[in-house]
Amino acid sequence: MSKKEFERKTKGDKPVLAICYDFDKTLSPDDMQAQGYIQSVGYDVDGFWKESNALAENNDMDQNLAYMYKMVEESEGHFVLNKDKLAEYGSKVTLFPGVSEWFERIRAYGLERDVIVEHYIISSGLKEMIEGTEIAQKGAFEKIYASSFYFNERGVAKWPAQVVNYTNKTQFLFRIEKGVLDINDQGVNDYFAPEELRVPFRNMIYIGDSDTDVPCMKLVNSYGGHSIGVYNAETQDKAKVYKMMRDSRIKYFAPADYSEEAPLDILVKKIIDRTASNEALEAIFYDCKRENTEADKQSNEQELEKTDLLLALEGSCSFSRTHTIVGKLQKFNNWTSEEKDALFQIALNNGQVLYILGDIDVKAFYTKLLRSTKTLSENAKKVKEAIENADK
């Protein structure tokens, strides 16, 4: 089987801020299935969810798999459950105030501050319905991660293709972090150096409304990102956000009103401002880090060269070669005490070196070594004496 080439996003000159959203009760006041589909198959909303949850409980089944199975089963005899039908239901989904204009407005604000803002959906709802919403149709989202169906050759929903629940939501944050967005791209498991990460967690905002968002919120918080709990502005029921705040799952909460100058709008813009400043500092940090790494690399190369020259001097068997090696050694100034003693030992053991200690360049090299040595070893003293005798 040939290996598929996946398209990946890489880090550019401008920092990227990823805003990740749950959908139901975060961007919309109710579950998307409860805004047309459930009623169309002859159920009241509570009854549908009661039966779906019982199906999951009685069969040790994931709740999302259970509702997807029940959607396929209940649609039979009513209509063909295909992408067009699901998109039609999605087009009727109600959105919170300001949502329609939110995404482009926040993107534009980011660009004014040299920050690229990208919007992502991470939802247990249905991808095909989300794709039918007016905001998705306008291209609001960089990527939609949500539960989705497999459709047969006739386009009919037959089986779950992807199931997103509260525990596996976190994998998508890692995909966004590394720019490895395709769900089948195993590159998400590859190691990326911190400076190579396209969207480090500190540059992520996760917006959700309930316990199902907690794993993502906790992960984002742990690495310096920003988690926001939202609540319905009409009901003013803050019980869930208060609990998430008490449990340190969120850093902030605000009403689910996405209008300009609403508290959520102000909060997210402040995070964008902070991202711009923080990433400017991070850029300086990584510049310093790169320079330091290059210096260490250079230092390591010098150490290798010094070792090679010491060995060459030790084995030198001609005056001309000894002069050449000493000439190369003279460019180094940072000799350790062990290296100095090795050089003194070589001068005493190799007759070629000892014999020409009085020559100008060889004498200059060893005199410099002696002057930089605070306490002379026995070998150093003997070399000093040999130089003095050569001068007589």
# chains A, B, ... in the order shown; residues from 1 in each chain; ligands from 1
$ residues_around --residues "Asp359 in chain A" --least-positions-apart "3" --cutoff "10 Å" --atoms "only C-alpha atoms" --output "number ranges by chain"
A: 323, 353, 355-356, 362-364, 387, 390-391
$ write_last_selection --atoms "C-alpha atoms" --output "CSV table (one decimal), in the first residue's frame"
chain,number,residue,atom,x,y,z
A,323,HIS,CA,56.0,24.0,13.5
A,353,VAL,CA,59.2,19.4,20.3
A,355,TYR,CA,64.6,20.3,20.7
A,356,ILE,CA,63.0,23.3,19.2
A,362,VAL,CA,57.2,27.3,19.6
A,363,LYS,CA,58.7,29.3,22.4
A,364,ALA,CA,56.0,31.9,22.1
A,387,ILE,CA,63.0,27.3,27.4
A,390,ALA,CA,67.5,27.2,25.1
A,391,ASP,CA,67.9,31.0,25.5
$ atom_distance --atom1 "CA of Phe141 in chain A" --atom2 "CA of Arg105 in chain A"
13.2 Å
$ atom_distance --atom1 "CA of Pro200 in chain A" --atom2 "CA of Asp213 in chain A"
19.2 Å
$ residues_around --residues "Ser148 in chain A" --least-positions-apart "3" --cutoff "9 Å" --atoms "only C-alpha atoms" --output "PDB file with N, CA and C atoms, in the first residue's frame"
ATOM      1  N   MET A  68     -26.031   8.243  17.186  1.00  0.00           N
ATOM      2  CA  MET A  68     -25.857   8.137  15.737  1.00  0.00           C
ATOM      3  C   MET A  68     -26.595   6.918  15.189  1.00  0.00           C
ATOM      4  N   GLY A 125     -21.136  16.840  18.337  1.00  0.00           N
ATOM      5  CA  GLY A 125     -22.254  16.932  17.403  1.00  0.00           C
ATOM      6  C   GLY A 125     -21.867  16.396  16.037  1.00  0.00           C
ATOM      7  N   LEU A 126     -22.734  16.601  15.056  1.00  0.00           N
ATOM      8  CA  LEU A 126     -22.532  16.018  13.737  1.00  0.00           C
ATOM      9  C   LEU A 126     -21.852  16.985  12.770  1.00  0.00           C
ATOM     10  N   LYS A 127     -20.768  16.523  12.178  1.00  0.00           N
ATOM     11  CA  LYS A 127     -20.022  17.328  11.235  1.00  0.00           C
ATOM     12  C   LYS A 127     -20.900  17.756  10.063  1.00  0.00           C
ATOM     13  N   GLU A 128     -21.701  16.832   9.546  1.00  0.00           N
ATOM     14  CA  GLU A 128     -22.526  17.134   8.370  1.00  0.00           C
ATOM     15  C   GLU A 128     -23.565  18.212   8.664  1.00  0.00           C
ATOM     16  N   TYR A 145     -13.817  19.354  13.546  1.00  0.00           N
ATOM     17  CA  TYR A 145     -13.649  18.018  14.113  1.00  0.00           C
ATOM     18  C   TYR A 145     -14.939  17.678  14.851  1.00  0.00           C
ATOM     19  N   TRP A 159     -23.135   4.155   8.779  1.00  0.00           N
ATOM     20  CA  TRP A 159     -22.230   3.739   9.858  1.00  0.00           C
ATOM     21  C   TRP A 159     -21.432   4.954  10.313  1.00  0.00           C
ATOM     22  N   PRO A 160     -21.024   5.013  11.595  1.00  0.00           N
ATOM     23  CA  PRO A 160     -20.182   6.131  12.032  1.00  0.00           C
ATOM     24  C   PRO A 160     -18.811   6.075  11.365  1.00  0.00           C
ATOM     25  N   ALA A 161     -18.384   7.179  10.811  1.00  0.00           N
ATOM     26  CA  ALA A 161     -17.031   7.278  10.260  1.00  0.00           C
ATOM     27  C   ALA A 161     -16.064   7.845  11.292  1.00  0.00           C
ATOM     28  N   GLN A 162     -16.580   8.708  12.136  1.00  0.00           N
ATOM     29  CA  GLN A 162     -15.761   9.355  13.172  1.00  0.00           C
ATOM     30  C   GLN A 162     -16.658   9.649  14.359  1.00  0.00           C
ATOM     31  N   VAL A 163     -16.184   9.320  15.540  1.00  0.00           N
ATOM     32  CA  VAL A 163     -16.939   9.621  16.759  1.00  0.00           C
ATOM     33  C   VAL A 163     -16.065  10.475  17.670  1.00  0.00           C
ATOM     34  N   VAL A 164     -16.574  11.615  18.064  1.00  0.00           N
ATOM     35  CA  VAL A 164     -15.834  12.525  18.939  1.00  0.00           C
ATOM     36  C   VAL A 164     -16.551  12.575  20.283  1.00  0.00           C
TER      37      VAL A 164
END
$ closest_residue --among "A:His226, A:Lys328, A:Lys83, A:Arg290" --to "Gln302 in chain A" --atoms "only C-alpha atoms"
A:Lys328
$ closest_residue --among "A:Asp273, A:Asp84, A:Asp265, A:Glu73" --to "Ile130 in chain A" --atoms "only C-alpha atoms"
A:Asp84
$ residues_around --residues "Ser318 in chain A" --least-positions-apart "6" --cutoff "12 Å" --atoms "only C-alpha atoms" --output "ChimeraX atom specification"
/A:312,324-325,350-356
$ write_last_selection --atoms "N, CA and C atoms" --output "PDB file, in the first residue's frame"
ATOM      1  N   ALA A 312      48.261  14.902  17.116  1.00  0.00           N
ATOM      2  CA  ALA A 312      49.216  15.098  16.019  1.00  0.00           C
ATOM      3  C   ALA A 312      50.555  15.578  16.556  1.00  0.00           C
ATOM      4  N   THR A 324      54.170  23.428  12.032  1.00  0.00           N
ATOM      5  CA  THR A 324      52.826  23.575  11.441  1.00  0.00           C
ATOM      6  C   THR A 324      51.737  23.349  12.484  1.00  0.00           C
ATOM      7  N   ILE A 325      51.911  22.301  13.289  1.00  0.00           N
ATOM      8  CA  ILE A 325      50.900  21.974  14.315  1.00  0.00           C
ATOM      9  C   ILE A 325      50.840  23.069  15.373  1.00  0.00           C
ATOM     10  N   ASN A 350      58.315  14.215  23.491  1.00  0.00           N
ATOM     11  CA  ASN A 350      58.613  14.189  22.063  1.00  0.00           C
ATOM     12  C   ASN A 350      59.881  15.009  21.811  1.00  0.00           C
ATOM     13  N   GLY A 351      60.954  14.321  21.440  1.00  0.00           N
ATOM     14  CA  GLY A 351      62.230  15.002  21.253  1.00  0.00           C
ATOM     15  C   GLY A 351      62.185  16.073  20.191  1.00  0.00           C
ATOM     16  N   GLN A 352      61.325  15.897  19.176  1.00  0.00           N
ATOM     17  CA  GLN A 352      61.200  16.894  18.117  1.00  0.00           C
ATOM     18  C   GLN A 352      60.713  18.216  18.690  1.00  0.00           C
ATOM     19  N   VAL A 353      59.769  18.146  19.634  1.00  0.00           N
ATOM     20  CA  VAL A 353      59.215  19.353  20.250  1.00  0.00           C
ATOM     21  C   VAL A 353      60.227  19.948  21.232  1.00  0.00           C
ATOM     22  N   LEU A 354      60.789  19.085  22.069  1.00  0.00           N
ATOM     23  CA  LEU A 354      61.724  19.560  23.092  1.00  0.00           C
ATOM     24  C   LEU A 354      62.933  20.262  22.460  1.00  0.00           C
ATOM     25  N   TYR A 355      63.403  19.729  21.369  1.00  0.00           N
ATOM     26  CA  TYR A 355      64.597  20.266  20.728  1.00  0.00           C
ATOM     27  C   TYR A 355      64.386  21.681  20.197  1.00  0.00           C
ATOM     28  N   ILE A 356      63.181  22.015  19.760  1.00  0.00           N
ATOM     29  CA  ILE A 356      62.956  23.331  19.154  1.00  0.00           C
ATOM     30  C   ILE A 356      62.159  24.271  20.065  1.00  0.00           C
TER      31      ILE A 356
END
$ atom_distance --atom1 "CA of Lys92 in chain A" --atom2 "CA of Ala233 in chain A"
20.8 Å
$ residues_around --residues "Ile122 in chain A" --least-positions-apart "2" --cutoff "8 Å" --atoms "only C-alpha atoms" --output "list in words"
Cys20, Tyr21, Asp22, Phe23, Tyr120, Ser124, Ile144, Tyr145, Ala146, Val164, Lys169 and Phe172 of chain A
